[in-house]
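Undergrad: Just one file: final33.cif, with mmCIF, N, CA and C atoms and all ligand atoms.
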data_upload
#
loop_
_atom_site.label_atom_id
_atom_site.label_comp_id
_atom_site.auth_asym_id
_atom_site.auth_seq_id
_atom_site.Cartn_x
_atom_site.Cartn_y
_atom_site.Cartn_z
N MET D 1 44.02 -12.61 23.89
CA MET D 1 43.59 -12.45 22.50
C MET D 1 43.99 -13.67 21.67
N LYS D 2 45.19 -14.11 21.89
CA LYS D 2 45.67 -15.31 21.20
C LYS D 2 44.77 -16.50 21.54
N TYR D 3 44.40 -16.59 22.81
CA TYR D 3 43.58 -17.68 23.28
C TYR D 3 42.21 -17.65 22.59
N LEU D 4 41.61 -16.44 22.53
CA LEU D 4 40.29 -16.29 21.91
C LEU D 4 40.33 -16.67 20.44
N LEU D 5 41.38 -16.26 19.77
CA LEU D 5 41.50 -16.57 18.35
C LEU D 5 41.60 -18.07 18.15
N GLY D 6 42.39 -18.73 19.01
CA GLY D 6 42.55 -20.18 18.92
C GLY D 6 41.22 -20.88 19.13
N LEU D 7 40.46 -20.39 20.06
CA LEU D 7 39.17 -20.98 20.37
C LEU D 7 38.24 -20.85 19.17
N PHE D 8 38.25 -19.66 18.58
CA PHE D 8 37.38 -19.39 17.43
C PHE D 8 37.76 -20.34 16.28
N LEU D 9 39.05 -20.49 16.04
CA LEU D 9 39.50 -21.35 14.95
C LEU D 9 39.09 -22.79 15.20
N ALA D 10 39.21 -23.21 16.44
CA ALA D 10 38.86 -24.59 16.78
C ALA D 10 37.39 -24.84 16.50
N PHE D 11 36.56 -23.86 16.83
CA PHE D 11 35.12 -24.05 16.63
C PHE D 11 34.75 -24.00 15.15
N SER D 12 35.30 -23.06 14.44
CA SER D 12 34.94 -22.93 13.03
C SER D 12 35.47 -24.13 12.25
N PHE D 13 36.59 -24.67 12.71
CA PHE D 13 37.19 -25.81 12.02
C PHE D 13 36.30 -27.04 12.11
N SER D 14 35.68 -27.23 13.26
CA SER D 14 34.95 -28.47 13.47
C SER D 14 33.45 -28.34 13.19
N SER D 15 32.98 -27.12 12.96
CA SER D 15 31.54 -26.93 12.89
C SER D 15 30.91 -27.65 11.70
N PHE D 16 31.66 -27.82 10.62
CA PHE D 16 31.09 -28.43 9.42
C PHE D 16 30.53 -29.83 9.70
N SER D 17 31.34 -30.66 10.33
CA SER D 17 30.92 -32.05 10.47
C SER D 17 30.39 -32.35 11.87
N TYR D 18 30.34 -31.34 12.69
CA TYR D 18 30.03 -31.59 14.09
C TYR D 18 28.70 -32.29 14.29
N ALA D 19 27.65 -31.81 13.66
CA ALA D 19 26.32 -32.38 13.89
C ALA D 19 26.10 -33.63 13.04
N GLU D 20 27.02 -33.92 12.15
CA GLU D 20 26.81 -35.03 11.23
C GLU D 20 27.29 -36.35 11.80
N LEU D 21 28.46 -36.31 12.41
CA LEU D 21 29.00 -37.50 13.05
C LEU D 21 29.14 -37.20 14.54
N THR D 22 28.41 -37.93 15.35
CA THR D 22 28.50 -37.75 16.79
C THR D 22 29.47 -38.76 17.36
N VAL D 23 30.41 -38.27 18.14
CA VAL D 23 31.40 -39.15 18.78
C VAL D 23 31.15 -39.12 20.28
N THR D 24 30.88 -40.27 20.86
CA THR D 24 30.65 -40.34 22.29
C THR D 24 31.54 -41.41 22.91
N GLN D 25 31.74 -41.28 24.20
CA GLN D 25 32.48 -42.26 24.99
C GLN D 25 33.86 -42.59 24.40
N GLY D 26 34.50 -41.55 23.84
CA GLY D 26 35.83 -41.76 23.29
C GLY D 26 36.89 -41.68 24.36
N TYR D 27 37.87 -42.53 24.30
CA TYR D 27 39.00 -42.43 25.22
C TYR D 27 40.22 -43.14 24.64
N VAL D 28 41.37 -42.75 25.18
CA VAL D 28 42.64 -43.35 24.81
C VAL D 28 43.15 -44.13 26.00
N ARG D 29 43.69 -45.28 25.73
CA ARG D 29 44.19 -46.12 26.81
C ARG D 29 45.55 -45.65 27.30
N ALA D 30 45.69 -45.49 28.60
CA ALA D 30 46.98 -45.14 29.19
C ALA D 30 47.95 -46.32 29.01
N VAL D 31 49.23 -46.01 28.83
CA VAL D 31 50.23 -47.07 28.69
C VAL D 31 51.38 -46.80 29.65
N PRO D 32 52.10 -47.86 30.04
CA PRO D 32 53.24 -47.67 30.94
C PRO D 32 54.35 -46.87 30.24
N PRO D 33 55.18 -46.17 31.02
CA PRO D 33 56.30 -45.42 30.42
C PRO D 33 57.13 -46.32 29.52
N GLY D 34 57.52 -45.84 28.36
CA GLY D 34 58.33 -46.61 27.44
C GLY D 34 57.53 -47.32 26.37
N GLN D 35 56.25 -47.57 26.65
CA GLN D 35 55.42 -48.22 25.62
C GLN D 35 54.96 -47.18 24.60
N LYS D 36 55.13 -47.50 23.33
CA LYS D 36 54.90 -46.52 22.28
C LYS D 36 53.59 -46.74 21.52
N VAL D 37 52.86 -47.78 21.90
CA VAL D 37 51.63 -48.10 21.18
C VAL D 37 50.45 -48.07 22.14
N SER D 38 49.36 -47.43 21.70
CA SER D 38 48.15 -47.43 22.49
C SER D 38 46.95 -47.60 21.56
N VAL D 39 45.77 -47.52 22.13
CA VAL D 39 44.55 -47.65 21.34
C VAL D 39 43.56 -46.57 21.75
N ALA D 40 42.67 -46.24 20.82
CA ALA D 40 41.57 -45.32 21.12
C ALA D 40 40.26 -46.01 20.75
N TYR D 41 39.28 -45.82 21.63
CA TYR D 41 37.95 -46.39 21.43
C TYR D 41 36.92 -45.27 21.42
N MET D 42 35.79 -45.50 20.76
CA MET D 42 34.73 -44.48 20.71
C MET D 42 33.50 -45.05 20.03
N ASN D 43 32.38 -44.38 20.26
CA ASN D 43 31.16 -44.71 19.53
C ASN D 43 30.92 -43.64 18.48
N LEU D 44 30.62 -44.08 17.27
CA LEU D 44 30.39 -43.16 16.15
C LEU D 44 28.96 -43.30 15.67
N THR D 45 28.26 -42.18 15.58
CA THR D 45 26.88 -42.21 15.08
C THR D 45 26.73 -41.27 13.90
N ASN D 46 26.23 -41.80 12.80
CA ASN D 46 25.97 -41.01 11.60
C ASN D 46 24.57 -40.41 11.69
N ASN D 47 24.50 -39.09 11.82
CA ASN D 47 23.21 -38.41 11.96
C ASN D 47 22.63 -37.94 10.63
N THR D 48 23.28 -38.29 9.54
CA THR D 48 22.84 -37.79 8.24
C THR D 48 22.05 -38.86 7.49
N ALA D 49 21.55 -38.48 6.32
CA ALA D 49 20.80 -39.41 5.48
C ALA D 49 21.69 -40.03 4.42
N ARG D 50 23.00 -39.77 4.53
CA ARG D 50 23.92 -40.36 3.56
C ARG D 50 25.06 -41.08 4.29
N GLU D 51 25.76 -41.91 3.56
CA GLU D 51 26.87 -42.66 4.13
C GLU D 51 28.03 -41.71 4.48
N ILE D 52 28.65 -41.96 5.62
CA ILE D 52 29.87 -41.23 6.00
C ILE D 52 31.03 -42.22 5.92
N VAL D 53 32.11 -41.80 5.26
CA VAL D 53 33.26 -42.68 5.11
C VAL D 53 34.46 -42.06 5.81
N LEU D 54 34.94 -42.76 6.83
CA LEU D 54 36.15 -42.33 7.53
C LEU D 54 37.34 -43.01 6.86
N SER D 55 38.35 -42.22 6.52
CA SER D 55 39.51 -42.81 5.85
C SER D 55 40.74 -42.84 6.74
N GLY D 56 40.64 -42.27 7.95
CA GLY D 56 41.79 -42.34 8.84
C GLY D 56 41.69 -41.35 9.97
N ALA D 57 42.81 -41.20 10.67
CA ALA D 57 42.90 -40.25 11.77
C ALA D 57 44.35 -39.89 11.97
N ARG D 58 44.55 -38.76 12.63
CA ARG D 58 45.93 -38.40 12.94
C ARG D 58 45.97 -37.60 14.23
N SER D 59 47.15 -37.58 14.84
CA SER D 59 47.34 -36.84 16.08
C SER D 59 48.79 -36.39 16.15
N ALA D 60 49.00 -35.19 16.66
CA ALA D 60 50.36 -34.69 16.80
C ALA D 60 51.14 -35.49 17.83
N GLN D 61 50.43 -36.25 18.67
CA GLN D 61 51.10 -37.00 19.73
C GLN D 61 51.53 -38.40 19.31
N PHE D 62 51.19 -38.78 18.07
CA PHE D 62 51.58 -40.11 17.58
C PHE D 62 52.13 -40.01 16.16
N MET D 63 53.03 -40.95 15.83
CA MET D 63 53.58 -40.98 14.48
C MET D 63 52.50 -41.36 13.47
N SER D 64 51.67 -42.32 13.83
CA SER D 64 50.63 -42.73 12.90
C SER D 64 49.46 -43.36 13.64
N ILE D 65 48.31 -43.31 12.99
CA ILE D 65 47.10 -43.92 13.53
C ILE D 65 46.47 -44.76 12.44
N ASN D 66 46.17 -46.00 12.77
CA ASN D 66 45.52 -46.89 11.80
C ASN D 66 44.25 -47.47 12.40
N LEU D 67 43.31 -47.74 11.52
CA LEU D 67 42.08 -48.37 11.94
C LEU D 67 42.27 -49.89 11.88
N HIS D 68 42.00 -50.56 12.98
CA HIS D 68 42.18 -52.01 13.05
C HIS D 68 40.89 -52.70 13.46
N ARG D 69 40.77 -53.93 13.02
CA ARG D 69 39.69 -54.78 13.50
C ARG D 69 40.30 -56.02 14.13
N THR D 70 39.97 -56.27 15.37
CA THR D 70 40.41 -57.50 16.03
C THR D 70 39.43 -58.61 15.67
N ALA D 71 39.97 -59.74 15.28
CA ALA D 71 39.10 -60.84 14.90
C ALA D 71 39.65 -62.15 15.46
N ASN D 72 38.75 -63.04 15.75
CA ASN D 72 39.13 -64.37 16.23
C ASN D 72 39.19 -65.31 15.02
N VAL D 73 40.40 -65.66 14.61
CA VAL D 73 40.58 -66.54 13.46
C VAL D 73 41.08 -67.89 13.95
N ASP D 74 40.23 -68.87 13.91
CA ASP D 74 40.57 -70.22 14.38
C ASP D 74 41.13 -70.19 15.80
N GLY D 75 40.51 -69.40 16.66
CA GLY D 75 40.92 -69.37 18.05
C GLY D 75 42.08 -68.45 18.33
N LEU D 76 42.59 -67.79 17.29
CA LEU D 76 43.73 -66.90 17.46
C LEU D 76 43.27 -65.45 17.25
N MET D 77 43.57 -64.58 18.21
CA MET D 77 43.19 -63.18 18.07
C MET D 77 44.17 -62.47 17.14
N THR D 78 43.64 -61.91 16.06
CA THR D 78 44.49 -61.20 15.11
C THR D 78 43.95 -59.79 14.89
N MET D 79 44.81 -58.91 14.41
CA MET D 79 44.39 -57.55 14.08
C MET D 79 44.59 -57.32 12.60
N ARG D 80 43.54 -56.83 11.96
CA ARG D 80 43.62 -56.51 10.53
C ARG D 80 43.47 -55.01 10.35
N ALA D 81 44.32 -54.44 9.50
CA ALA D 81 44.19 -53.01 9.18
C ALA D 81 43.04 -52.82 8.20
N MET D 82 42.31 -51.72 8.37
CA MET D 82 41.20 -51.40 7.47
C MET D 82 41.49 -50.06 6.80
N ASP D 83 41.22 -49.99 5.50
CA ASP D 83 41.48 -48.75 4.76
C ASP D 83 40.47 -47.66 5.10
N GLU D 84 39.26 -48.08 5.42
CA GLU D 84 38.22 -47.09 5.68
C GLU D 84 37.13 -47.71 6.54
N LEU D 85 36.31 -46.83 7.08
CA LEU D 85 35.17 -47.27 7.88
C LEU D 85 33.93 -46.58 7.33
N ARG D 86 32.98 -47.38 6.85
CA ARG D 86 31.75 -46.83 6.28
C ARG D 86 30.65 -46.88 7.32
N ILE D 87 30.04 -45.73 7.57
CA ILE D 87 28.95 -45.65 8.55
C ILE D 87 27.69 -45.28 7.79
N GLN D 88 26.73 -46.17 7.81
CA GLN D 88 25.50 -45.95 7.06
C GLN D 88 24.62 -44.91 7.75
N PRO D 89 23.67 -44.31 7.01
CA PRO D 89 22.77 -43.31 7.59
C PRO D 89 22.11 -43.83 8.86
N LYS D 90 22.17 -43.03 9.92
CA LYS D 90 21.57 -43.33 11.22
C LYS D 90 22.21 -44.53 11.93
N GLN D 91 23.29 -45.03 11.37
CA GLN D 91 23.96 -46.18 11.99
C GLN D 91 24.94 -45.72 13.08
N SER D 92 25.05 -46.52 14.14
CA SER D 92 26.07 -46.32 15.16
C SER D 92 27.06 -47.47 15.12
N ILE D 93 28.34 -47.12 15.17
CA ILE D 93 29.38 -48.14 15.19
C ILE D 93 30.21 -47.94 16.44
N SER D 94 30.45 -49.03 17.14
CA SER D 94 31.20 -48.97 18.38
C SER D 94 32.62 -49.48 18.16
N LEU D 95 33.60 -48.63 18.47
CA LEU D 95 34.99 -49.07 18.51
C LEU D 95 35.27 -49.42 19.96
N ALA D 96 35.48 -50.69 20.24
CA ALA D 96 35.55 -51.15 21.62
C ALA D 96 36.55 -52.30 21.73
N PRO D 97 37.03 -52.55 22.95
CA PRO D 97 37.99 -53.66 23.14
C PRO D 97 37.47 -54.96 22.53
N GLY D 98 38.33 -55.65 21.80
CA GLY D 98 37.95 -56.91 21.16
C GLY D 98 37.40 -56.74 19.76
N GLY D 99 37.25 -55.51 19.29
CA GLY D 99 36.69 -55.27 17.97
C GLY D 99 37.44 -54.18 17.24
N LEU D 100 36.69 -53.24 16.70
CA LEU D 100 37.30 -52.12 15.99
C LEU D 100 38.03 -51.21 16.96
N HIS D 101 39.16 -50.67 16.52
CA HIS D 101 39.87 -49.68 17.34
C HIS D 101 40.82 -48.86 16.47
N TRP D 102 41.15 -47.69 16.98
CA TRP D 102 42.22 -46.91 16.38
C TRP D 102 43.51 -47.36 17.03
N MET D 103 44.46 -47.82 16.22
CA MET D 103 45.77 -48.22 16.72
C MET D 103 46.67 -46.99 16.67
N LEU D 104 47.14 -46.57 17.82
CA LEU D 104 47.95 -45.37 17.92
C LEU D 104 49.41 -45.79 18.05
N MET D 105 50.22 -45.43 17.06
CA MET D 105 51.60 -45.92 17.04
C MET D 105 52.62 -44.78 17.06
N GLY D 106 53.76 -45.05 17.69
CA GLY D 106 54.82 -44.06 17.76
C GLY D 106 54.49 -42.92 18.69
N LEU D 107 54.14 -43.27 19.91
CA LEU D 107 53.80 -42.24 20.93
C LEU D 107 54.99 -41.32 21.16
N LYS D 108 54.70 -40.03 21.10
CA LYS D 108 55.72 -39.03 21.43
C LYS D 108 55.43 -38.57 22.85
N GLY D 109 56.32 -38.82 23.77
CA GLY D 109 56.08 -38.47 25.16
C GLY D 109 55.38 -39.60 25.88
N GLU D 110 54.51 -39.25 26.81
CA GLU D 110 53.85 -40.28 27.61
C GLU D 110 52.35 -40.05 27.65
N LEU D 111 51.62 -41.10 28.00
CA LEU D 111 50.17 -41.02 28.15
C LEU D 111 49.84 -41.32 29.60
N THR D 112 49.40 -40.32 30.31
CA THR D 112 49.09 -40.51 31.72
C THR D 112 47.60 -40.33 31.93
N VAL D 113 47.05 -41.12 32.84
CA VAL D 113 45.63 -41.02 33.15
C VAL D 113 45.26 -39.58 33.47
N SER D 114 44.17 -39.14 32.91
CA SER D 114 43.62 -37.78 33.03
C SER D 114 44.26 -36.78 32.07
N ASP D 115 45.26 -37.22 31.29
CA ASP D 115 45.73 -36.41 30.17
C ASP D 115 44.64 -36.35 29.11
N GLN D 116 44.81 -35.47 28.14
CA GLN D 116 43.93 -35.46 26.99
C GLN D 116 44.75 -35.58 25.71
N VAL D 117 44.17 -36.26 24.73
CA VAL D 117 44.84 -36.43 23.44
C VAL D 117 43.95 -35.81 22.37
N ALA D 118 44.54 -34.94 21.54
CA ALA D 118 43.80 -34.36 20.42
C ALA D 118 43.98 -35.27 19.20
N ILE D 119 42.86 -35.73 18.67
CA ILE D 119 42.88 -36.60 17.49
C ILE D 119 41.95 -36.01 16.44
N SER D 120 42.39 -35.99 15.20
CA SER D 120 41.52 -35.55 14.11
C SER D 120 41.06 -36.75 13.30
N LEU D 121 39.76 -36.91 13.17
CA LEU D 121 39.23 -37.92 12.27
C LEU D 121 39.28 -37.34 10.86
N ILE D 122 39.65 -38.17 9.89
CA ILE D 122 39.77 -37.71 8.51
C ILE D 122 38.72 -38.44 7.67
N PHE D 123 37.91 -37.67 6.96
CA PHE D 123 36.87 -38.26 6.12
C PHE D 123 37.37 -38.42 4.69
N SER D 124 36.66 -39.23 3.92
CA SER D 124 37.11 -39.55 2.57
C SER D 124 37.14 -38.32 1.67
N ASP D 125 36.35 -37.28 2.01
CA ASP D 125 36.38 -36.07 1.19
C ASP D 125 37.46 -35.10 1.65
N GLY D 126 38.29 -35.53 2.62
CA GLY D 126 39.40 -34.70 3.08
C GLY D 126 39.06 -33.82 4.27
N SER D 127 37.78 -33.69 4.61
CA SER D 127 37.41 -32.89 5.77
C SER D 127 37.81 -33.62 7.05
N GLN D 128 37.88 -32.87 8.13
CA GLN D 128 38.34 -33.45 9.39
C GLN D 128 37.43 -33.04 10.54
N GLN D 129 37.47 -33.85 11.58
CA GLN D 129 36.72 -33.53 12.79
C GLN D 129 37.65 -33.73 13.97
N GLN D 130 37.81 -32.68 14.76
CA GLN D 130 38.75 -32.74 15.88
C GLN D 130 38.08 -33.28 17.14
N LEU D 131 38.82 -34.15 17.83
CA LEU D 131 38.33 -34.72 19.08
C LEU D 131 39.34 -34.47 20.19
N GLN D 132 38.84 -34.32 21.40
CA GLN D 132 39.69 -34.30 22.59
C GLN D 132 39.30 -35.53 23.40
N LEU D 133 40.20 -36.48 23.50
CA LEU D 133 39.88 -37.72 24.20
C LEU D 133 40.62 -37.79 25.52
N ASN D 134 39.92 -38.24 26.54
CA ASN D 134 40.55 -38.45 27.84
C ASN D 134 41.38 -39.72 27.81
N VAL D 135 42.44 -39.71 28.58
CA VAL D 135 43.26 -40.91 28.73
C VAL D 135 42.79 -41.66 29.96
N LYS D 136 42.49 -42.94 29.76
CA LYS D 136 41.95 -43.77 30.85
C LYS D 136 42.76 -45.03 31.03
N ALA D 137 42.84 -45.49 32.26
CA ALA D 137 43.43 -46.80 32.51
C ALA D 137 42.42 -47.85 32.09
N LEU D 138 42.90 -48.95 31.55
CA LEU D 138 41.98 -49.99 31.10
C LEU D 138 42.60 -51.36 31.32
N VAL D 139 41.80 -52.25 31.82
CA VAL D 139 42.25 -53.63 31.98
C VAL D 139 41.43 -54.48 31.03
N ASP D 140 42.10 -55.29 30.22
CA ASP D 140 41.38 -56.12 29.24
C ASP D 140 40.53 -57.17 29.95
CU CU D 201 45.35 -52.85 16.54
#
Take the structure from the file and write it as structure tokens.
Ligand SMILES: [Cu+2]
TA:
Amino acid sequence: MKYLLGLFLAFSFSSFSYAELTVTQGYVRAVPPGQKVSVAYMNLTNNTAREIVLSGARSAQFMSINLHRTANVDGLMTMRAMDELRIQPKQSISLAPGGLHWMLMGLKGELTVSDQVAISLIFSDGSQQQLQLNVKALVD
């Protein structure tokens, strides 16, 4: 019964934004034991006729999550924090190695391949969308 209730809550919680922002190919990078920082990548597609503004993300498995953009500045790879991510109507944005990514900081516990990480995307209006991302090994 507890399980059923949890399932129902999970579905009702995410149903609002589910069809509006489609998240595909999301994953979290596995890290060696002791490393407290990881990254999450995903493709985001805005299915609505209006702009969607993401203002952040959070996860119980990390102290904080920030949106970063990797950029090549005079031959030097740097990461810049972004306050928000604006996705235009029908636009798809790819968070991928070498570009946009969620920087996951302060890992609690460990990230092992085939684990799952629950992450909530937070929109500018305060609503949230829950994701379950697989943990994958990745070589740059
Ligand atoms: Cu970063």
Undergrad: Would you list the contacts of Thr24 (chain D) as a short mmCIF file (atom, residue, chain, number, x, y, z; two decimals) with N, CA and C atoms, in the coordinates of the input, taking every protein, DNA or RNA residue within 7 Å and counting only N, CA and C atoms, but skipping same-chain residues closer than 5 positions in sequence?
TA:
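Now in out.cif:
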data_model
loop_
_atom_site.label_atom_id
_atom_site.label_comp_id
_atom_site.auth_asym_id
_atom_site.auth_seq_id
_atom_site.Cartn_x
_atom_site.Cartn_y
_atom_site.Cartn_z
N TYR D 41 39.28 -45.82 21.63
CA TYR D 41 37.95 -46.39 21.43
C TYR D 41 36.92 -45.27 21.42
N MET D 42 35.79 -45.50 20.76
CA MET D 42 34.73 -44.48 20.71
C MET D 42 33.50 -45.05 20.03
N ASN D 43 32.38 -44.38 20.26
CA ASN D 43 31.16 -44.71 19.53
C ASN D 43 30.92 -43.64 18.48
N LEU D 44 30.62 -44.08 17.27
CA LEU D 44 30.39 -43.16 16.15
C LEU D 44 28.96 -43.30 15.67
N THR D 45 28.26 -42.18 15.58
CA THR D 45 26.88 -42.21 15.08
C THR D 45 26.73 -41.27 13.90
#
Undergrad: Please return, as a VMD selection string, all residues of chain D that DSSP assigns to alpha helix (DSSP H) on the basis of the backbone.
TA: chain D and resid 2 to 18
Undergrad: Where does DSSP see strand (DSSP E) in chain D, if you list the residues as an MDAnalysis selection string?
TA: chainID D and resid 21:29 37:46 52:58 62:73 76:82 85:87 92:95 100:107 116:123 128:136
Undergrad: Have a look at D:Thr78, D:Asn134, D:Asn72, D:Ser55 and name the one nearest to ligand CU 201 (chain D); count all atoms listed in the file.
TA: D:Thr78
Undergrad: Within 8 Å of Asn66 (chain D), counting all atoms listed in the file, which residues qualify if same-chain residues fewer than 6 places away don't, as a list in words?
TA: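 Once the nearby chain positions are removed, what remains is Gly56, Ala57, Arg58, Arg80, Ala81, Met82, Asp83, His101, Trp102, Met103, Leu104 and Met105 of chain D.
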Undergrad: Atom C of Val28 (chain D) and atom C of Ile122 (chain D), how far apart in Å?
TA: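 These two atoms are separated by 19.7 Å.
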Undergrad: Each side padded by 8 Å, which centre and which edge lengths in Å (one decimal) define the axis-aligned box around the listed atoms of region 93-103 of chain D? Give them as AutoDock Vina command-line options.
TA:
--center_x 37.5 --center_y -51.9 --center_z 19.2 --size_x 34.3 --size_y 26.0 --size_z 24.0
Undergrad: Measuring atom to atom with all atoms listed in the file, identify which of D:Gln129, D:Thr48, D:Thr70, D:Ser120 is nearest to ligand CU 201 (chain D).
TA: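 Distance minimum relative to ligand CU 201 (chain D) lands on D:Thr70.
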